[in-house]
Structure formats: C-alpha cells, structure tokens
Amino acid sequence: MWQVITAEDVKKRTESYSNHLKAKRQKINDGELTKDRSTGKRWEQVVGDHKRQNKKSLHSSLGRLKQGLRSSGQGLETPVPDIKLLGTMVHIDKKEHQLSLENISKSVYHDESGIYEGVDVSVLINHYRLHRTLDHGHKTFMEFVDWFDGRMLIDLITQEEIINSIENDSAPNGTIKPSYTCYFSTGSSTGSEESRTSKYKPTSKRNRTLYHWRLANSSAVTDILTKEQESEHRPSRPSKPGKPTRPTEQVPGVHHPTSTNATTPFTMFVQGLLGANGVLKWRIHTDKLDILALNDINLESGIFMKNSFIHLTRHVTADGEIIFGCSCKMQGVIHRMGSQDIDCCHVRFFKEHIEEHMGTLISSGMTLDATTPIRNKIMESVVGRNNAVIKLDNSKRFHRFSVVSPDFQSCHIVNLETNKFACQSGRCRADKGHTRKVTHIEDADSCPHMKALNANKELWVGLVDSDSVDGGDEEAAIGYEEAAIGDEEAAGGDEAGAMPDQVLENDIPIPHEEPTSVPEFDPVSGLWTFQSVSSHCPRQQEDPIFRKAAEYRSSLSPCNSGVSLDDGGYLVADTTDGPKPFTLSPLLDKEQICICGTKYWSLEFPEGIVKPHYTRATNVYLHHGVAKFMVYDRECLQKKPECLIRYSGRQDALHFLTSCTAAGDEIGWDYVNLVTNSQSSFTAFCKNINTRYYSSDVPFMSRRVFTDFIFSWLSNFKIDFRQPCSRCGHNPKVLVCDGTKIGMSFRNSVAIKPIEVPTCSDEVRPCHTRSGRQFFAYHLSDSKSHKDGKKLAQHDLAYFVARNSNKLKEWEHKQTKKGVTVSERSEAERKSHLLGELPSACKPLVNKFIDRDMSHELLQCMCPIFKVLASEHAVTSLFNYRYLNLLLSVLEGATDVNHLKHKMPEIYKVLYVATKDEDTFPDSIQQFFKFVVSTILELHSSDRDFYPAETVENYNPAVTGHAYYFTPHGGKVRHLPNYVVSKPSKEDQANTSCHKRYADATKSGKTYLFVWSDPFHGHCYGFHVIKQSEGRKDPFTSIFSFMDECPDTIFYDFSCQLEEYCLNREPKYWRNCQFFHDIFHGFTHKCPFVYNSRRLASLSSANSEICEQLNAYLQKIKYSAGSMSQSHFMFYMQFFIHLWNENKRKTLAREERMALLLSK
C-alpha cells in the first residue's frame, strides 16, 4: 500500500511533501515529536480510519487511489506487446521502532463492488510461499490470482514511476529511490549517462525485468521469468553437516505438501505446458493414429524443459484398444522398472486432459470451443497438423524440427547445429544416413526426414550460417549428437607417461607356483579382511555420529583453548597439570547392569572406573596434525574381567591400524572421494595431508602405512561384492562388455590363468560355419565351382539391391575399393544366374524384385532384407531364431502382424505394406519367408547340447583373477572344452568383414581388464584380468563359463564377428542371442544395419556406452592400483566398482521416484 493518492497528484505535491518532512524532522530534533510518531501522515490516517471503522472516509480515499493508479497505468505505452507484467501486492508491516498500532498486519483492499475487506495478508502470503496452497479457501495459483484480481494496486511500471516521483533528501537526486537511469548506473555522477548505464547493470529480478522491458527485449524478460519458475521447482540444497533439519510443524486446518492439494511435479509440468514456453503440437491425426509433439521434463529434478521435446503416440488397434507410446526418457525408466500400470507424464497428460475431448475433436473435424486454457491449447496444437515439417523452439546450440515420415506413420525430431542436420530416428540412424550438412541434404541416400526438410527450406534456410557452409564428407561429422564418453585412450591418457605409485611391488615376493588361497580372502564367506586392530564397520558419511566425531577432531587445533603442541609437535590437551594426551573410553551408561550384577558407576565413582587399553598413547592422524590419545577400557565396580567393556573406536568413528596408529573415518572417506574424482595416488594424498600439518616434525603416515590403513579400513565394511542389479537379478537379459586399460604389473599376475584356457579334455568341433549360415550357403568341402557360383549369385543380388535403391554407382565404387572386380555382365545374365542358384520357393519374390513388379513402397522395404541376405553374415542376424515361431504364426494368420513391429521391424514393414490393399499375404512373400524360416530351423536342428550349469569352480577372485556376479555363489558354472575350429582358406574368408586391431600388451607391462555391465541400470556384473590381448574369446568365455542362461542381447564393439565366433563353438547356447554394436564403435563398421540396436524400440533406452563410462571412471584409480599385488588389486577393483554400482542404484531410485510422482 503506497502512501500516495494518484500518480499525477504526487508530482504536484512533491515540494509540499518535502517541506512537510523537513518540518517533521525539525520537530524531532527540537524534542517536540518522538521518533515513534515520525511516520507518514496518510498512513496514520488510513490505519486510523480502518481501526475506527470509518467506512465512508476509507471507501473514498481507497477509491480515489485505485482510480488514479489505473488512469496512470493506461497512459503507459507497452514496449513489448506480447508480454504483460502483472502487478505486485505490497504489504507494509511497521517495525517496533516505528508506529505501533493494533492489528497493523491487516491490509485493506478495495473491491469492485465498493466494499472494503480486511484480510491477514501476511499470514496468507507466508503460507502460500511455504506450501504453495492457500488457507483462504483457494487451492490453485490461478484461483490465488483471480482472488487478488482487482486488489492488486499497481504494476511494476507504475511502482517505478511513483517511487521515483517522491522526494527524499536522504536519497540520491532527492528521491526515495534513485531515478531510473541512476538506479541502473550506481557509479559516481561524473561522466556521461551512457557510460554509467553500460558499466552498471541491474541485479534484482524486479529491476532486471524493468531494464529489459524498457529496452523492448522480450526474450530477456522471458528468460528471467522462466529461470524464476525453474528455481522455485528446483530441489532444495541439503542441510549442512552436523546441523539437524527442523521438522515441519503440521498445523491443523492448513494444507501441507503431503496433502492432495499440494503442488506436485505433474501439476508443475502441466502449468509449464500451458504456459508461454509450453509446446503442444498435433503432428499426425488419422482414424487409427495420433502423434503429438510436447515438451520434455528433467527426470531427476522434475523441471519443465522448454527446449527439449518428445513425441507421444496414440494408436487404436483393430479391436478398438488404445495403445500409447512415448519417446521420453521417463518411458524408458518405466520400461526398466517392468511396470505396466503407470504412465509417463506425457501419456498421463493426454489421458487426463485431452482424451475426454477426442470424441468431439473427431466428430467436429478437429475443432473445439476454446473456453478453458486446456481447450485453447488443444486448438492451438491442431493448427498446422498436416504440415510435414514444423519448427520447434530453438536453444542456444540446436534448432529443432518435428518431421513427419513419408508413410505418415511416425514423427521424429531433427536437430540443426553448425550447419549440420541430425535425424533422431532410430531407423535412420541405423542406416547411417541420418547426418547431413546443409549442402548435401539433397543427396539421394539422405534419410526421408532430410528429404522432407529439403522440401521445406523456407523453415531453416535463414538459420544457416552461410560463411561456414562447406562441402566434405557428411558421414565424417557424426559425433556431436552422441553421448559417448570416448574410447579408453582418450579417457585414460598415455599409460607410458604415467607415474604409478610403487606401493607394494617391491615388498611382496613374486609367486612361483599357483597359490590355492591367500590370507586376505575367505572363500567360504566371500569376504575380504586385511589385518588391523579394529574390526568394526566404518560409519557412512551421512551418519550424524561420524559428523559429530569428525567435527570434534577438526576442533583439536592449537588455535583453540585447551589444545597445545608438546615438545615433539603432537597435539595434546592443555590441562592445569600441563600437556597431557586426550582420552578415549567407552561411553558410560548409568543404567547398564554388568554380568556380575553391579553397575559401571556410583556416587563414589561418578565417571566410572577405567583402565588403560594400551600401555602407551596412540597417535591419531588428523587433517592438520597428529594428536596423542590414551585409550581406556571400562570396568564395572567389582572390576571383574568378564564385565570389561573394551574400547573399539566405533563410537568415535576411529579406525585403529595398530595400537600406535589410528585415524578417523574422515581420512578414509577423503581418500575415496579424492580417488573417484581425480587421478590421485597414495603418495599424492599423503603429500597433500602433510602440507596442512602444523608441525613438520610429526608428518602424516608413510605411504606404506597409509596403504595398509586404507585396505584394512575398506575391508572392515565387510561387503559381499556378489550383488546383482536390483532389477535384473543374477541373470540379466541385456549386457554390454568391453576391455579397459587398467591392470597390475605382469610380475604380480603370474598366478592368474588366462580365462580362455580349457578346463576339461573334451574336444568340440563346429556343427556349422559361417559359410553354411549365410543365405547362399555352401560347405567348405564343396567344389570350387559350386562355391564360386554361390558367391557370384550373392554378388548379383547385391547388384540388384543397389540398383533398386538408386545407389548403383556408390556400390560399384565400394566394390572396386575392396578389390572386387565388378563384372560387365548384362542384367539379363545376372538375373539368369541368380535365379538358377535359388531354390524354387524363393524365385517368385526375387523375380518380382528384379523386374520391379511390385509397388515402389514394397520395393524399398524389400531392399534392406535382400541387402542382408546378399552379405556374408548369418541369416539369423536378421531372422532371429527366438522369433521364428512367431513369424510362422503371423504368416499363417494366427497372430497379428503388429507383434513383429518391435522384434523384427524390417520384416514387419514388408508384411504391413504387402497387406495394405489385400487381406492376406502375397504367395511369393509367404513362400519366401517360410523357406528362410524352415532352412534356419533345419540348420540348427543338429546343434550340439552344451554342458549343464553346475558349480565347477568356487568364487575366489584373489587367486583366479576373475570376479563375476551372474550367480549368487559367483563361481564358474561350466567347464570350457577344447574347441577345434579349422581356419578357412583365404578364398573362403569373408571379404566384407569388419576388423578390430587388438594390442598384444601394454607398453608399461600391465594387464588389461574386461568388464560386463547392464545398459539399462548401469550395474557392473564383474570383470576378469586379461594377461595377453583382448579378443572375442573374452566375452564368449566369460558368459559361457559364468552364466546359467545366455542373455537375450549383447552389446560389443566387435559384435558382428563375435556372433560368428560364438555360433562356431556353442550354437545351441547362443542361437537366441542378438548381437549389436555399441553406439560409439558402430559408425566404423561396414557390416549390415542389423547390428545397430536403434532399429529396435525395446532397446532405445539402453545405454550401450555404459562400459565406456565405467572405463572413464576406472581410469581415475589406475595410477593408485598399477603396482599392487594380485589380491590387493582384485579387492581394490571390486570395492570401487561396488561404489559405482551404489551410485547407479541411487540415481535409478531418484529417477523412479520422479517417474512415480509424475505418473500419479
């Protein structure tokens, strides 16, 4: 409430008001008026009228005030037409040193009807700030605004005009607050106004809003308001260590955050979606399909993301069932949770706010009366729904477009950054045609979404920087949209230049024979124990007892009273009897009864009876020095030995390595936190602590002693590392593997046997080889003419695929580059030879494909199928063995074709297009697919049985050098036979296969590590040490030897050849498994698209780069682990991988909590 009548009246009364203030100050100085009466006259009059219930006077003054302020606001021009600054409600609360009036917190408001109203606004506003609900019978923010509509006195612009018009001698330029130009240039009055304004900028949100409002900078105003909204929804900062959080008082009759009326992340998402930054665009609308583009949400914080978008799909099946799909990350989390009864926030928004209007929209031709904000947003969303491309809001890095596919069945996001387009469609990314520079967007092999963008250049041509547009290979620019961490070379640096910490290498003898056990590991319990005096479990960092103990030890400084340094430089207690060690003893429980029936205290012994635990003081190492402590045990009053309570150190979060050496848990946690966030070592940590010590005469622990302390402290956690993912259990269905350059010295790993060494004498020969599993199959024992005929037919089919795909020149160039001579035969000769090599069941479809005797859409759908069949890869890479019976059921009409959509997408596309105009599948397609299925089933009918799962080796990582958690016991479940696989001749080797260059050994003489992880939840399932070079033997042997059942999906950087390696040895075990390249390495492969996981929607949320991320994490500890013994190294790796798993588990729990909040 402002002490003014109108804005115009203020300008006239400036001089008189100034004189009035001067006279009042003079009276105060002369003692005629006390300071508690020095308030504004009009404020006193208004409050007095309210107190005396003088309705007529109060009604008149408030009416003139409101009318005058409104008329003042009408004359102000709006610099930014699309933004409206709402008013602010001001409540004046007089302090004790000013006027004290009864009910001063009551603020009076003037209603439209002329009735005044008194409300305790201070209570109302404070309650709303805390709980985001109203205690005045109002539940939502919009009702809050509606209730105050007409009661908001003035807006920001009017406030600024009025404030700067009131004179005040104590303020700059004679005003209560500086004028507008001075307010934003608070420097000296000298110099030009332009220089002052450019140098000083506003800082508060209100003044920054006014500043950009005056400059007509609408985007800056929007950013300020958006950041303010996001800051309100951002999770609060956790309380400081040692400072307890006050519990929230539950006041009866008041809405609290736990009530149903409290603001939830979902309501904030809806508010953001309906706000100025919300995007809701209807992209596709048919009788069976609806696709919408919406804003996404940050899954960890719940913040509405104005520059991130997803697509929501609503599909109506033939049975009338409505199926929803969403491309958001939350949907992937729900998929990982395995929950079928919850929806993501986007699907929930559609069901709660749009689904009820679908009948009206469909019957009225997508029109709706815009009578509510939801209806208005829906009507805005349907505008432009038939456009193939629309531009979404752009961020600082990207310009985003929503592009409809040519078949009008899907919609995907395409990003534009630095003159490069990147399509986010999984199908397009699998074909490697998803990235193009703007100068190559017209290429024939561009993805269909690029072609749609090319047809709508007017939407993006103005966003392209013409100075930086150049040519070049568009496929070389593929990395900016990927989230890969990088390979091990980039993550770990040059190992040859590293300075590993020589902690234990020179002190541990080299074993000359294989040990059966080590003293640090117990094979029965599976726990590690490194020698120390303490045996209790260290306390966690969040434990209040740990924080209190750490704060006490940090207070032991010579700068504080009661603490001093003795002659030797140790921290001791400064007592009246001189310097003495500090004391440690068990806590005294006055109610405790000992075994002999007496207590541990009495009036004679109020502090109890103690006896020394050690004969001399213990050195406790702190962050800033070494303190001496005398350790005592507690005796009962009878001093019976059986009643003695020994001091363990747990109550004070202390770990005793020996009777003379101890340190707090904070030392151990500081080392763990330092190692996991930097490439530090034991030596570096000790040197860092030494620099903080008060006395150089008493240094920190030596490197060797500190190493012993850390290992004994870590082992006291007593962690059984054989813990599986909380969601997948011990037998995960999807796994990622990779090797990493971290290991120990060769001289310390001589006891480790390579994992690929056979463990039984059985010899196994392959049931079939690569040449027998391809479409144009042959045996290595066949005649050369027969094999040449099959290879030539394979070459001819590839020719017709390239021709029908309009990529013939590109195919011929690649063949020449590989050294393959392109035959000059005519198409008729090629056709004749190809059909002659095919079985009769395949000829009709292949003949139609060659003659293009099918629709253009079906022809393009058949090209990917025949492209895989024309390669040298197994047919099962496309026709996965696990889904063959499902495919047969679909072909026979017993199962709907939609069941293949997310399992065999290319085959589903062919069958879907083939039945658009017909009720049944064409005979040529049925015969072809049934022949392929029957051939695969016949081929694998002779697969040899593999060994059943049984424990053949116990879990003992300290000796064996491998630690896997695929079973509860952690041991091997199968013997490894001796596989006899003959190497194919040079002419039978694949000429299109991919290659991987493996290093024989590291230059520094270190071993490697091979790890397995779950791509959905980030959990690491263990590792084994590689003594020689990484190869396909490592993923094959580790899975076959340690897993009861083969996983359904495996990601590896060399999966195309890993598949052949596995099927050559154990085809029955591996035939149901699908092999895919991880995203980072997939771009360098020449193999077909079937090894790209993005083509499958079920794997869209899989993080195939999780091993690269784990590799980057492990690189931080390799410098401290490089010179350890085998047992120390294995425990060290297991512990820090356990920390990685715990962090992933907490992250997953946060995401799932947010998903549940958004779905309820």
# chains A, B, ... in the order shown; residues from 1 in each chain; ligands from 1
$ closest_atom_pairs --of "range 1071-1106 of chain A" --to "range 723-747 of chain A" --cutoff "12 Å" --atoms "only C-alpha atoms" --output "Markdown table"
| residue | atom | partner | partner_atom | distance |
| --- | --- | --- | --- | --- |
| A:Asn1072 | CA | A:Lys733 | CA | 11.2 |
| A:Cys1073 | CA | A:Lys733 | CA | 9.4 |
| A:Gln1074 | CA | A:Val734 | CA | 9.5 |
| A:Phe1075 | CA | A:Leu735 | CA | 10.1 |
| A:Phe1076 | CA | A:Val736 | CA | 9.4 |
| A:His1077 | CA | A:Val736 | CA | 9.4 |
| A:Asp1078 | CA | A:Val736 | CA | 8.1 |
| A:Ile1079 | CA | A:Val736 | CA | 11.4 |
| A:Phe1080 | CA | A:Asp738 | CA | 11.9 |
| A:His1081 | CA | A:Asp738 | CA | 11.1 |
| A:Ser1093 | CA | A:Val734 | CA | 11.7 |
| A:Ser1098 | CA | A:Val734 | CA | 10.9 |
| A:Leu1099 | CA | A:Val734 | CA | 9.2 |
| A:Ser1101 | CA | A:Val734 | CA | 11.8 |
| A:Ala1102 | CA | A:Val734 | CA | 8.8 |
| A:Asn1103 | CA | A:Val736 | CA | 8.9 |
| A:Ser1104 | CA | A:Val736 | CA | 6.4 |
| A:Glu1105 | CA | A:Val736 | CA | 8.1 |
| A:Ile1106 | CA | A:Val736 | CA | 7.4 |
$ write_last_selection --atoms "C-alpha atoms" --output "PDB file, in the first residue's frame"
ATOM      1  CA  ASN A1072      18.687 -66.995 -29.273  1.00  0.00           C
ATOM      2  CA  CYS A1073      21.066 -64.111 -28.558  1.00  0.00           C
ATOM      3  CA  GLN A1074      21.071 -60.896 -30.601  1.00  0.00           C
ATOM      4  CA  PHE A1075      24.385 -59.099 -31.113  1.00  0.00           C
ATOM      5  CA  PHE A1076      24.691 -55.322 -31.523  1.00  0.00           C
ATOM      6  CA  HIS A1077      27.467 -52.764 -31.759  1.00  0.00           C
ATOM      7  CA  ASP A1078      27.594 -50.039 -29.153  1.00  0.00           C
ATOM      8  CA  ILE A1079      26.822 -46.574 -30.493  1.00  0.00           C
ATOM      9  CA  PHE A1080      30.344 -45.251 -30.257  1.00  0.00           C
ATOM     10  CA  HIS A1081      32.009 -48.007 -32.292  1.00  0.00           C
ATOM     11  CA  SER A1093      20.256 -51.596 -31.870  1.00  0.00           C
ATOM     12  CA  SER A1098      12.780 -52.066 -26.865  1.00  0.00           C
ATOM     13  CA  LEU A1099      16.480 -51.123 -26.809  1.00  0.00           C
ATOM     14  CA  SER A1101      16.629 -46.584 -23.730  1.00  0.00           C
ATOM     15  CA  ALA A1102      19.670 -48.869 -23.408  1.00  0.00           C
ATOM     16  CA  ASN A1103      22.906 -47.019 -22.666  1.00  0.00           C
ATOM     17  CA  SER A1104      25.301 -49.044 -24.814  1.00  0.00           C
ATOM     18  CA  GLU A1105      28.143 -46.721 -23.797  1.00  0.00           C
ATOM     19  CA  ILE A1106      27.938 -47.680 -20.135  1.00  0.00           C
TER      20      ILE A1106
END
$ residues_around --residues "range 519-521 of chain A" --least-positions-apart "5" --cutoff "10 Å" --atoms "only C-alpha atoms" --output "list in words"
Gly526, Leu527, Trp528, Thr529, Phe530, Gln531, Ser712, Ser715, Asn956, Pro957, Ala958, Val959, Ser1127, His1128 and Phe1131 of chain A
$ residues_around --residues "range 448-460 of chain A" --least-positions-apart "2" --cutoff "7 Å" --atoms "only C-alpha atoms" --output "mmCIF file with N, CA and C atoms, in the first residue's frame"
data_model
loop_
_atom_site.group_PDB
_atom_site.id
_atom_site.type_symbol
_atom_site.label_atom_id
_atom_site.label_comp_id
_atom_site.auth_asym_id
_atom_site.auth_seq_id
_atom_site.Cartn_x
_atom_site.Cartn_y
_atom_site.Cartn_z
ATOM 1 N N ALA A 388 4.291 -31.203 -43.063
ATOM 2 C CA ALA A 388 5.305 -32.257 -42.944
ATOM 3 C C ALA A 388 6.400 -31.866 -41.973
ATOM 4 N N VAL A 389 6.694 -30.570 -41.863
ATOM 5 C CA VAL A 389 7.772 -30.093 -41.002
ATOM 6 C C VAL A 389 7.276 -28.875 -40.241
ATOM 7 N N LYS A 391 8.814 -26.113 -37.061
ATOM 8 C CA LYS A 391 9.977 -25.728 -36.269
ATOM 9 C C LYS A 391 9.566 -25.585 -34.810
ATOM 10 N N VAL A 403 9.503 -33.654 -37.800
ATOM 11 C CA VAL A 403 9.350 -34.051 -39.205
ATOM 12 C C VAL A 403 8.531 -35.336 -39.269
ATOM 13 N N SER A 405 7.228 -38.687 -41.132
ATOM 14 C CA SER A 405 7.786 -39.630 -42.100
ATOM 15 C C SER A 405 6.915 -39.684 -43.356
ATOM 16 N N PRO A 406 7.478 -40.077 -44.499
ATOM 17 C CA PRO A 406 6.700 -40.095 -45.747
ATOM 18 C C PRO A 406 5.483 -41.010 -45.699
ATOM 19 N N ILE A 441 22.048 -32.088 -48.259
ATOM 20 C CA ILE A 441 20.738 -32.578 -47.837
ATOM 21 C C ILE A 441 19.940 -33.112 -49.016
ATOM 22 N N GLU A 442 20.315 -32.739 -50.234
ATOM 23 C CA GLU A 442 19.605 -33.214 -51.420
ATOM 24 C C GLU A 442 20.140 -34.543 -51.935
ATOM 25 N N SER A 446 19.993 -39.635 -48.573
ATOM 26 C CA SER A 446 19.582 -38.992 -47.335
ATOM 27 C C SER A 446 18.342 -39.679 -46.791
ATOM 28 N N GLY A 462 17.085 -19.566 -43.251
ATOM 29 C CA GLY A 462 17.557 -18.365 -42.576
ATOM 30 C C GLY A 462 18.357 -18.639 -41.323
ATOM 31 N N LEU A 463 18.379 -19.903 -40.849
ATOM 32 C CA LEU A 463 19.121 -20.263 -39.641
ATOM 33 C C LEU A 463 20.528 -20.738 -39.946
ATOM 34 N N VAL A 464 20.861 -20.881 -41.215
ATOM 35 C CA VAL A 464 22.153 -21.428 -41.617
ATOM 36 C C VAL A 464 23.161 -20.306 -41.749
#
$ closest_residue --among "A:Asn1111, A:Thr816, A:Gln541, A:Thr264" --to "Trp669 in chain A" --atoms "only C-alpha atoms"
A:Gln541
$ closest_residue --among "A:Thr691, A:Ser585, A:Thr1049, A:Ser855" --to "Gln651 in chain A" --atoms "only C-alpha atoms"
A:Ser585
$ closest_residue --among "A:Arg773, A:His536, A:Lys628, A:Lys790" --to "Gly569 in chain A" --atoms "only C-alpha atoms"
A:Lys628
